[in-house]
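Heads up, entry-v7.txt below (compact mmCIF, C-alpha atoms):
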# COMPACT_ATOMS: atom_id res chain seq x y z
CA MET T 98 -23.15 -29.70 12.29
CA THR T 99 -26.35 -30.44 14.33
CA ASP T 100 -29.64 -29.00 13.06
CA PHE T 101 -31.73 -28.07 16.09
CA TYR T 102 -35.01 -28.43 14.20
CA GLU T 103 -34.10 -31.94 13.06
CA THR T 104 -33.01 -32.81 16.61
CA LEU T 105 -36.53 -32.01 17.87
CA GLY T 106 -38.22 -33.41 14.77
CA VAL T 107 -40.12 -30.22 13.93
CA GLY T 108 -40.31 -27.87 10.98
CA ARG T 109 -38.80 -24.39 10.89
CA GLN T 110 -42.26 -22.83 11.22
CA ALA T 111 -43.06 -24.69 14.46
CA ASP T 112 -44.65 -22.54 17.16
CA GLU T 113 -43.89 -22.60 20.89
CA ALA T 114 -46.57 -25.18 21.70
CA GLU T 115 -45.30 -27.58 19.02
CA LEU T 116 -41.73 -27.17 20.24
CA ARG T 117 -42.79 -27.92 23.82
CA ARG T 118 -44.73 -31.07 22.86
CA ALA T 119 -41.82 -32.39 20.78
CA TYR T 120 -39.35 -31.68 23.56
CA ARG T 121 -41.40 -33.44 26.27
CA GLN T 122 -41.92 -36.50 24.13
CA LEU T 123 -38.22 -36.83 23.22
CA ALA T 124 -37.06 -36.05 26.76
CA LYS T 125 -39.16 -38.89 28.18
CA GLN T 126 -37.99 -41.24 25.45
CA HIS T 127 -34.25 -40.55 25.84
CA HIS T 128 -33.89 -39.71 29.54
CA PRO T 129 -30.67 -41.39 30.82
CA ASP T 130 -32.48 -42.87 33.85
CA LEU T 131 -34.60 -44.96 31.49
CA HIS T 132 -31.51 -46.41 29.82
CA GLY T 133 -29.45 -47.31 32.86
CA GLY T 134 -27.02 -44.43 32.41
CA ASP T 135 -26.19 -45.36 28.80
CA ALA T 136 -23.66 -42.86 27.39
CA ALA T 137 -25.34 -42.64 23.98
CA ALA T 138 -28.70 -41.89 25.59
CA ALA T 139 -27.10 -39.23 27.77
CA THR T 140 -25.54 -37.56 24.72
CA ARG T 141 -28.85 -37.63 22.85
CA PHE T 142 -30.67 -36.18 25.86
CA LYS T 143 -28.12 -33.38 26.07
CA GLU T 144 -28.61 -32.55 22.37
CA ILE T 145 -32.39 -32.40 22.82
CA ASN T 146 -32.06 -30.01 25.75
CA GLU T 147 -29.60 -27.80 23.87
CA ALA T 148 -31.87 -27.57 20.83
CA TYR T 149 -34.94 -26.76 22.92
CA GLU T 150 -33.16 -24.09 25.01
CA VAL T 151 -32.20 -22.25 21.83
CA LEU T 152 -35.44 -22.57 19.86
CA ARG T 153 -37.74 -21.72 22.78
CA ASP T 154 -36.05 -18.29 23.15
CA PRO T 155 -37.17 -15.89 20.36
CA GLN T 156 -33.89 -13.95 20.32
CA LYS T 157 -31.72 -17.05 20.35
CA ARG T 158 -33.90 -18.66 17.71
CA ALA T 159 -33.57 -15.61 15.44
CA LEU T 160 -29.82 -15.71 15.87
CA TYR T 161 -29.75 -19.44 15.11
CA ASP T 162 -31.87 -19.01 11.98
CA ARG T 163 -29.42 -16.39 10.75
CA TYR T 164 -26.03 -17.82 11.72
CA GLY T 165 -26.66 -21.49 12.42
CA ALA T 166 -25.57 -23.72 15.29
CA ALA T 167 -22.04 -22.31 15.28
CA ALA T 168 -23.34 -19.39 17.32
CA PHE T 169 -24.09 -21.76 20.20
CA GLN T 170 -21.14 -24.17 20.10
CA GLY T 171 -19.15 -23.98 23.29
CA GLY T 172 -18.18 -27.41 24.47
CA GLY T 173 -21.83 -28.31 25.26
CA ARG T 174 -22.41 -25.19 27.40
CA ALA T 175 -25.00 -23.55 25.17
CA ALA T 176 -27.91 -24.66 27.39
CA ALA T 177 -26.28 -22.95 30.35
CA GLY T 178 -26.81 -19.22 30.70
CA GLU T 179 -23.20 -18.22 31.31
CA GLY T 180 -21.80 -20.48 28.58
CA ALA T 181 -24.27 -19.26 25.98
CA ALA T 182 -23.52 -15.64 26.85
CA SER T 183 -19.81 -16.25 26.44
CA ASP T 184 -20.34 -17.91 23.05
CA LEU T 185 -22.53 -15.06 21.88
CA GLY T 186 -19.88 -12.61 22.99
CA ASP T 187 -17.31 -14.41 20.85
CA LEU T 188 -19.69 -14.31 17.88
CA PHE T 189 -20.29 -10.60 18.33
CA ASP T 190 -16.55 -10.03 18.48
CA GLN T 191 -16.12 -11.72 15.11
CA LEU T 192 -19.08 -10.03 13.40
CA PHE T 193 -19.12 -6.55 14.90
CA ASN T 194 -15.84 -6.12 16.82
CA PHE T 195 -17.59 -5.68 20.16
CA SER T 196 -18.52 -7.82 23.12
CA GLY T 197 -20.79 -6.72 25.97
CA GLY T 198 -19.06 -3.40 26.47
CA ARG T 199 -15.72 -5.14 26.92
CA ARG T 200 -13.31 -4.27 24.08
CA ARG T 201 -10.87 -6.85 22.85
CA GLY T 202 -8.99 -4.38 20.67
CA ARG T 203 -5.39 -3.43 20.28
CA GLY T 204 -5.20 -0.30 22.42
CA PRO T 205 -3.46 2.90 21.24
CA SER T 206 -2.11 2.80 17.71
CA THR T 207 1.63 2.30 17.31
CA GLY T 208 1.77 4.56 14.24
CA GLU T 209 0.57 4.92 10.68
CA ARG T 210 2.16 3.14 7.73
CA GLY T 211 3.73 5.44 5.18
CA GLU T 212 2.23 5.93 1.74
CA ASP T 213 3.27 3.84 -1.26
CA LEU T 214 4.79 5.89 -4.06
CA GLN T 215 5.06 5.39 -7.82
CA LEU T 216 7.84 6.60 -10.09
CA LYS T 217 8.11 6.31 -13.88
CA LEU T 218 11.56 5.46 -15.21
CA ARG T 219 12.33 5.75 -18.92
CA LEU T 220 14.97 3.36 -20.24
CA GLU T 221 16.91 3.22 -23.45
CA PHE T 222 16.18 0.17 -25.58
CA ARG T 223 19.51 -1.50 -24.82
CA GLU T 224 19.17 -0.81 -21.08
CA ALA T 225 15.93 -2.79 -21.06
CA VAL T 226 17.57 -5.62 -23.01
CA PHE T 227 20.82 -5.94 -21.07
CA GLY T 228 19.84 -4.43 -17.70
CA ALA T 229 21.18 -1.33 -15.99
CA THR T 230 21.55 0.49 -12.69
CA ARG T 231 19.88 3.89 -12.70
CA LYS T 232 20.03 6.57 -10.02
CA VAL T 233 16.67 8.23 -9.40
CA GLN T 234 15.30 11.01 -7.23
CA VAL T 235 11.97 10.59 -5.46
CA GLY T 236 10.10 13.10 -3.33
CA ARG T 237 8.76 11.45 -0.20
CA GLN T 238 7.67 12.19 3.35
CA GLU T 239 10.52 11.54 5.78
CA THR T 240 10.67 11.63 9.57
CA CYS T 241 11.20 15.19 10.76
CA ALA T 242 14.77 15.63 11.99
CA ALA T 243 13.82 18.47 14.35
CA CYS T 244 11.25 16.57 16.45
CA GLN T 245 12.34 13.01 15.57
CA GLY T 246 8.83 12.30 14.35
CA SER T 247 6.99 13.19 17.55
CA GLY T 248 5.41 16.35 16.09
CA ALA T 249 6.17 18.29 19.30
CA ALA T 250 8.22 21.47 19.45
CA GLU T 251 11.70 21.43 20.97
CA GLY T 252 11.51 21.27 24.76
CA SER T 253 8.01 19.78 24.78
CA LYS T 254 6.55 16.36 24.24
CA PRO T 255 3.21 14.79 23.32
CA VAL T 256 0.58 14.66 26.06
CA THR T 257 -2.19 12.20 26.82
CA CYS T 258 -5.23 12.73 24.60
CA ARG T 259 -8.04 14.35 26.58
CA THR T 260 -10.76 12.81 24.44
CA CYS T 261 -9.83 9.15 24.85
CA GLN T 262 -7.61 9.45 27.95
CA GLY T 263 -4.75 7.78 26.15
CA GLN T 264 -6.73 4.73 25.05
CA GLY T 265 -6.61 5.60 21.35
CA GLU T 266 -10.29 4.73 21.01
CA VAL T 267 -13.74 6.00 21.87
CA ARG T 268 -16.80 3.90 22.72
CA GLN T 269 -20.41 4.46 21.88
CA VAL T 270 -23.21 2.50 23.54
CA GLN T 271 -25.87 1.36 21.06
CA GLN T 272 -29.02 -0.69 21.31
CA SER T 273 -29.89 -3.59 19.00
CA VAL T 274 -32.41 -6.43 18.88
CA PHE T 275 -29.83 -8.54 20.72
CA GLY T 276 -29.43 -6.06 23.54
CA GLN T 277 -26.96 -3.34 24.39
CA TYR T 278 -23.49 -3.31 22.89
CA VAL T 279 -20.51 -0.99 22.68
CA ASN T 280 -19.16 0.18 19.33
CA VAL T 281 -15.42 0.90 19.49
CA GLN T 282 -13.76 3.32 17.06
CA ALA T 283 -10.41 5.06 16.74
CA CYS T 284 -10.32 8.36 18.59
CA PRO T 285 -11.00 11.20 16.11
CA THR T 286 -8.84 13.65 18.08
CA CYS T 287 -5.58 11.70 18.25
CA ARG T 288 -6.40 9.31 15.35
CA GLY T 289 -5.85 6.30 17.57
CA ARG T 290 -2.43 7.33 18.81
CA GLY T 291 -3.48 8.10 22.39
CA GLN T 292 -1.45 11.33 22.45
CA THR T 293 -1.81 14.87 21.15
CA VAL T 294 0.64 17.74 20.67
CA ASP T 295 0.00 21.07 22.44
CA LYS T 296 3.06 22.82 20.98
CA PRO T 297 3.59 21.67 17.38
CA CYS T 298 7.05 21.43 15.88
CA GLU T 299 7.75 24.53 13.75
CA THR T 300 9.62 22.53 11.13
CA CYS T 301 6.90 19.98 10.31
CA ARG T 302 3.94 21.83 11.89
CA GLY T 303 3.18 18.89 14.14
CA GLN T 304 2.96 16.32 11.37
CA GLY T 305 6.11 14.46 12.39
CA ARG T 306 7.25 14.34 8.74
CA GLN T 307 8.51 16.67 6.04
CA THR T 308 8.95 16.39 2.27
CA ARG T 309 12.46 15.62 1.07
CA GLN T 310 14.16 14.42 -2.09
CA HIS T 311 15.62 10.95 -1.72
CA SER T 312 18.28 9.53 -4.04
CA LEU T 313 18.59 5.79 -4.62
CA ASP T 314 19.81 3.26 -7.18
CA VAL T 315 17.34 1.13 -9.12
CA ASP T 316 18.71 -2.17 -10.41
CA VAL T 317 16.95 -3.02 -13.66
CA PRO T 318 17.28 -6.72 -14.60
CA ALA T 319 18.02 -7.76 -18.17
CA GLY T 320 15.02 -8.50 -20.36
CA VAL T 321 12.43 -6.13 -18.84
CA GLU T 322 9.60 -4.77 -20.96
CA GLU T 323 7.41 -1.70 -21.15
CA GLY T 324 5.03 -1.43 -18.18
CA ILE T 325 6.87 -3.76 -15.78
CA GLN T 326 6.87 -2.59 -12.14
CA ILE T 327 9.84 -2.96 -9.82
CA ARG T 328 8.87 -2.91 -6.15
CA LEU T 329 11.38 -1.40 -3.71
CA THR T 330 10.24 -2.38 -0.23
CA GLY T 331 10.50 0.35 2.40
CA GLU T 332 11.51 3.09 -0.05
CA GLY T 333 8.16 4.88 0.06
CA SER T 334 7.18 7.61 2.52
CA HIS T 335 8.13 7.14 6.17
CA GLY T 336 5.35 6.17 8.53
CA ARG T 337 3.92 8.67 11.01
CA PHE T 338 4.73 8.39 14.71
CA GLY T 339 6.90 5.31 14.36
CA GLY T 340 4.83 3.49 11.76
CA PRO T 341 6.50 1.38 9.04
CA PRO T 342 7.47 2.96 5.69
CA GLY T 343 5.57 2.40 2.45
CA ASP T 344 6.99 0.93 -0.75
CA LEU T 345 8.19 2.52 -3.97
CA PHE T 346 6.90 1.13 -7.27
CA VAL T 347 9.06 1.95 -10.28
CA VAL T 348 7.12 1.68 -13.55
CA LEU T 349 9.40 1.10 -16.55
CA GLN T 350 9.01 2.83 -19.89
CA VAL T 351 11.23 1.78 -22.81
CA ARG T 352 12.23 3.92 -25.78
CA GLU T 353 11.87 2.39 -29.24
CA ASP T 354 14.96 1.37 -31.20
CA PRO T 355 15.39 2.86 -34.71
CA VAL T 356 16.43 -0.52 -36.19
CA PHE T 357 15.03 -3.37 -34.10
CA LEU T 358 11.44 -4.20 -33.24
CA ARG T 359 10.95 -6.26 -30.11
CA GLN T 360 8.45 -9.12 -29.98
CA GLY T 361 8.68 -10.83 -26.60
CA THR T 362 12.28 -12.05 -26.37
CA ASP T 363 12.76 -12.00 -30.17
CA LEU T 364 14.09 -9.09 -32.19
CA LEU T 365 12.77 -8.37 -35.67
CA LEU T 366 14.97 -6.79 -38.35
CA ALA T 367 13.89 -5.71 -41.86
CA LEU T 368 16.54 -6.20 -44.57
CA ARG T 369 16.09 -4.31 -47.83
CA LEU T 370 17.67 -6.28 -50.73
CA ASN T 371 18.41 -4.96 -54.18
CA ALA T 372 17.22 -7.06 -57.08
CA ALA T 373 20.69 -8.35 -57.94
CA ASP T 374 21.47 -9.60 -54.42
CA ALA T 375 18.04 -11.19 -54.22
CA ALA T 376 18.44 -12.94 -57.55
CA LEU T 377 22.12 -13.89 -57.38
CA GLY T 378 22.56 -14.30 -53.63
CA ALA T 379 25.06 -12.47 -51.41
CA GLU T 380 26.83 -12.36 -48.06
CA LEU T 381 25.90 -9.23 -46.14
CA ASP T 382 26.84 -7.65 -42.80
CA ILE T 383 23.73 -7.12 -40.70
CA PRO T 384 23.50 -5.38 -37.32
CA THR T 385 22.86 -7.09 -33.99
CA LEU T 386 22.72 -5.57 -30.51
CA GLU T 387 26.35 -6.58 -30.02
CA GLY T 388 27.82 -5.64 -33.40
CA ASP T 389 27.61 -6.74 -37.01
CA THR T 390 27.41 -10.37 -38.06
CA ARG T 391 27.64 -12.05 -41.48
CA LEU T 392 24.45 -13.40 -43.06
CA ALA T 393 24.35 -15.53 -46.23
CA ILE T 394 21.50 -14.64 -48.58
CA PRO T 395 20.76 -17.51 -51.00
CA ALA T 396 20.05 -16.92 -54.68
CA GLY T 397 16.38 -16.45 -55.48
CA THR T 398 15.45 -14.82 -52.17
CA GLN T 399 11.97 -13.33 -52.21
CA THR T 400 10.19 -10.61 -50.29
CA GLY T 401 9.00 -12.06 -46.99
CA ASP T 402 11.70 -14.71 -46.65
CA GLN T 403 12.95 -14.97 -43.08
CA PHE T 404 16.33 -15.93 -41.62
CA THR T 405 16.79 -16.74 -37.94
CA ILE T 406 19.89 -16.21 -35.82
CA ASP T 407 19.61 -17.91 -32.42
CA GLY T 408 20.91 -16.26 -29.27
CA GLN T 409 20.87 -12.70 -30.65
CA GLY T 410 17.54 -11.67 -29.15
CA VAL T 411 16.54 -10.45 -25.68
CA PRO T 412 17.57 -12.32 -22.49
CA HIS T 413 14.77 -14.26 -20.80
CA LEU T 414 13.73 -12.36 -17.67
CA ARG T 415 13.34 -15.30 -15.28
CA ARG T 416 15.52 -17.97 -16.85
CA GLY T 417 18.74 -18.31 -18.79
CA GLY T 418 19.23 -17.94 -22.50
CA ARG T 419 18.12 -15.40 -25.06
CA GLY T 420 15.59 -15.14 -27.84
CA LYS T 421 16.43 -15.01 -31.53
CA LEU T 422 17.00 -12.38 -34.19
CA VAL T 423 14.55 -12.77 -37.08
CA VAL T 424 15.59 -11.11 -40.37
CA THR T 425 12.82 -10.53 -42.93
CA THR T 426 13.84 -9.62 -46.49
CA PHE T 427 12.18 -7.06 -48.73
CA VAL T 428 13.29 -6.96 -52.37
CA ALA T 429 13.64 -3.32 -53.44
CA THR T 430 12.59 -2.18 -56.91
CA PRO T 431 14.53 0.87 -58.14
CA GLU T 432 12.31 3.90 -58.65
CA LYS T 433 14.66 5.76 -61.04
CA LEU T 434 16.98 4.28 -63.66
CA GLY T 435 19.76 5.81 -65.69
CA SER T 436 20.08 4.98 -69.39
CA ARG T 437 22.72 2.33 -68.71
CA GLU T 438 20.65 0.66 -65.96
CA ARG T 439 17.56 0.79 -68.14
CA GLY T 440 19.41 -0.95 -70.97
CA LEU T 441 20.56 -3.70 -68.63
CA TYR T 442 17.06 -4.24 -67.31
CA GLU T 443 15.71 -4.37 -70.89
CA GLN T 444 18.18 -7.13 -71.69
CA LEU T 445 17.22 -8.94 -68.47
CA ARG T 446 13.50 -8.71 -69.27
CA ALA T 447 14.03 -10.19 -72.67
CA GLY T 448 15.34 -13.36 -71.05
CA LEU T 449 12.72 -13.64 -68.27
CA PRO T 450 9.23 -15.19 -68.44
CA PRO T 451 6.45 -12.61 -68.75
CA SER T 452 4.65 -11.27 -65.68
CA ALA T 453 1.43 -13.11 -64.84
CA VAL T 454 -1.29 -13.31 -62.21
CA VAL T 455 -0.47 -15.91 -59.56
CA GLU T 456 -3.22 -18.42 -58.87
CA ARG T 457 -3.93 -19.40 -55.29
CA THR T 458 -3.57 -23.09 -56.05
CA GLY T 459 -0.76 -25.14 -57.46
CA THR T 460 2.68 -23.52 -57.63
CA GLY T 461 1.27 -20.18 -56.48
CA GLY T 462 0.42 -21.50 -53.02
CA ARG T 463 3.81 -20.61 -51.52
CA ILE T 464 3.56 -16.99 -52.67
CA TRP T 465 0.07 -16.61 -51.25
CA GLN T 466 1.24 -18.01 -47.91
CA LYS T 467 3.96 -15.35 -47.78
CA ILE T 468 1.36 -12.69 -48.47
CA LYS T 469 -0.74 -13.98 -45.57
CA ASP T 470 2.31 -14.04 -43.30
CA LEU T 471 3.24 -10.45 -44.15
CA PHE T 472 -0.26 -9.17 -43.46
CA ALA T 473 -0.43 -11.18 -40.24
Target encoding structure tokens, full file:
Amino acid sequence: MTDFYETLGVGRQADEAELRRAYRQLAKQHHPDLHGGDAAAATRFKEINEAYEVLRDPQKRALYDRYGAAAFQGGGRAAAGEGAASDLGDLFDQLFNFSGGRRRGRGPSTGERGEDLQLKLRLEFREAVFGATRKVQVGRQETCAACQGSGAAEGSKPVTCRTCQGQGEVRQVQQSVFGQYVNVQACPTCRGRGQTVDKPCETCRGQGRQTRQHSLDVDVPAGVEEGIQIRLTGEGSHGRFGGPPGDLFVVLQVREDPVFLRQGTDLLLALRLNAADAALGAELDIPTLEGDTRLAIPAGTQTGDQFTIDGQGVPHLRRGGRGKLVVTTFVATPEKLGSRERGLYEQLRAGLPPSAVVERTGTGGRIWQKIKDLFA
């Protein structure tokens, strides 16, 4: 974009005399008559005039220094009084929403949008995993049935606002360094509607709405988690005086399961093994969300060993498939022994290697890794 100071070849601190000298010198040098009507010379001459007309005027120069040349772009009309005024009006519209006392607003308001509402919905663990449809009740503002939302008593109707004369706005003339302008605001009496109610509806007291309980179904998709919000468009409070309704945001809360721990789309299950099953191996029935399944435990299973069953976790929320079920074993040591059990364990100990501290290197590395995994 053109820099007016560069066009005239002066610095930004140039005074009026310096601007005038630069302009006269450039105007003589690039006048179209001296170049036989050359188009390039004519364009250059026009740019010089435009730059000088802006920078010679203190108010225009201040506006240019603040907002740049865009404030004076108007198809080359900036040097002309009417064109520059029109461009400034457009700039004022963008920056301050006014233009020379002539409002370019929207007129009376067509209504107020209804409020957005939030509802907390507590789900059972399996409802969050597999999805569900839940019926909920929400208190919201609905259009008054007695006055059909107008706010006026039966047999009457809204009248033109006396403050704004039905315009929905009031104007205040203010003075600035750029001259006089009109500040336009919504009418405080009718709140921009352009109408008021002399005889309010007895049911809603002139508000056009009343509080009611609304029943609706919430479809919960499979795989949702704690804290997810479901947005129901248009299920919030009704708008006032014909305005659009707000939305309802349902925040999900999920109860914990007594057996499974959820981790993303995976389910974690702790399996307590007795010493015999851990040492000898076994086939055990373990629970899943859809019933028991058979799991083979190999001989020599240790605390912290994990077994994975694919497809028995939580469904992915936005794509097909499910996570996995991860079974972690914990070898249980009996706390109390009868005389017979004690004798058996004594015989077993006699045939086992003695207990010893496990070093972190060598063959003890695998055990230490399990310890790290359990604490992680």
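Coordinates place atom CA of Arg352 of chain T at a distance of 25.4 Å from atom CA of Phe427 of chain T.
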With distances taken over all atoms listed in the file, which residue among T:Arg109, T:Ala119, T:Gln304, T:Glu147 lies nearest Asp162 of chain T?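 With all atoms listed in the file as the atom set, the closest residue is T:Arg109.
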Shortest interatomic distance to Glu212 of chain T - which of T:Cys241, T:Leu345, T:Val233, T:Leu392, counting all atoms listed in the file: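 Checking each candidate against Glu212 of chain T, we get T:Leu345 as the closest.
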Within 10 Å of Gly339 of chain T, counting all atoms listed in the file, which residues show up once you throw out same-chain ones fewer than 2 positions away? Write them as a ChimeraX atom specification, please. /T:206-211,240,245-247,305,335-337,341-342
One-decimal distance in Å that lies between atom CA of Asp316 of chain T and atom CA of Arg237 of chain T: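 Rounded to one decimal, the two atoms are 19.7 Å apart.
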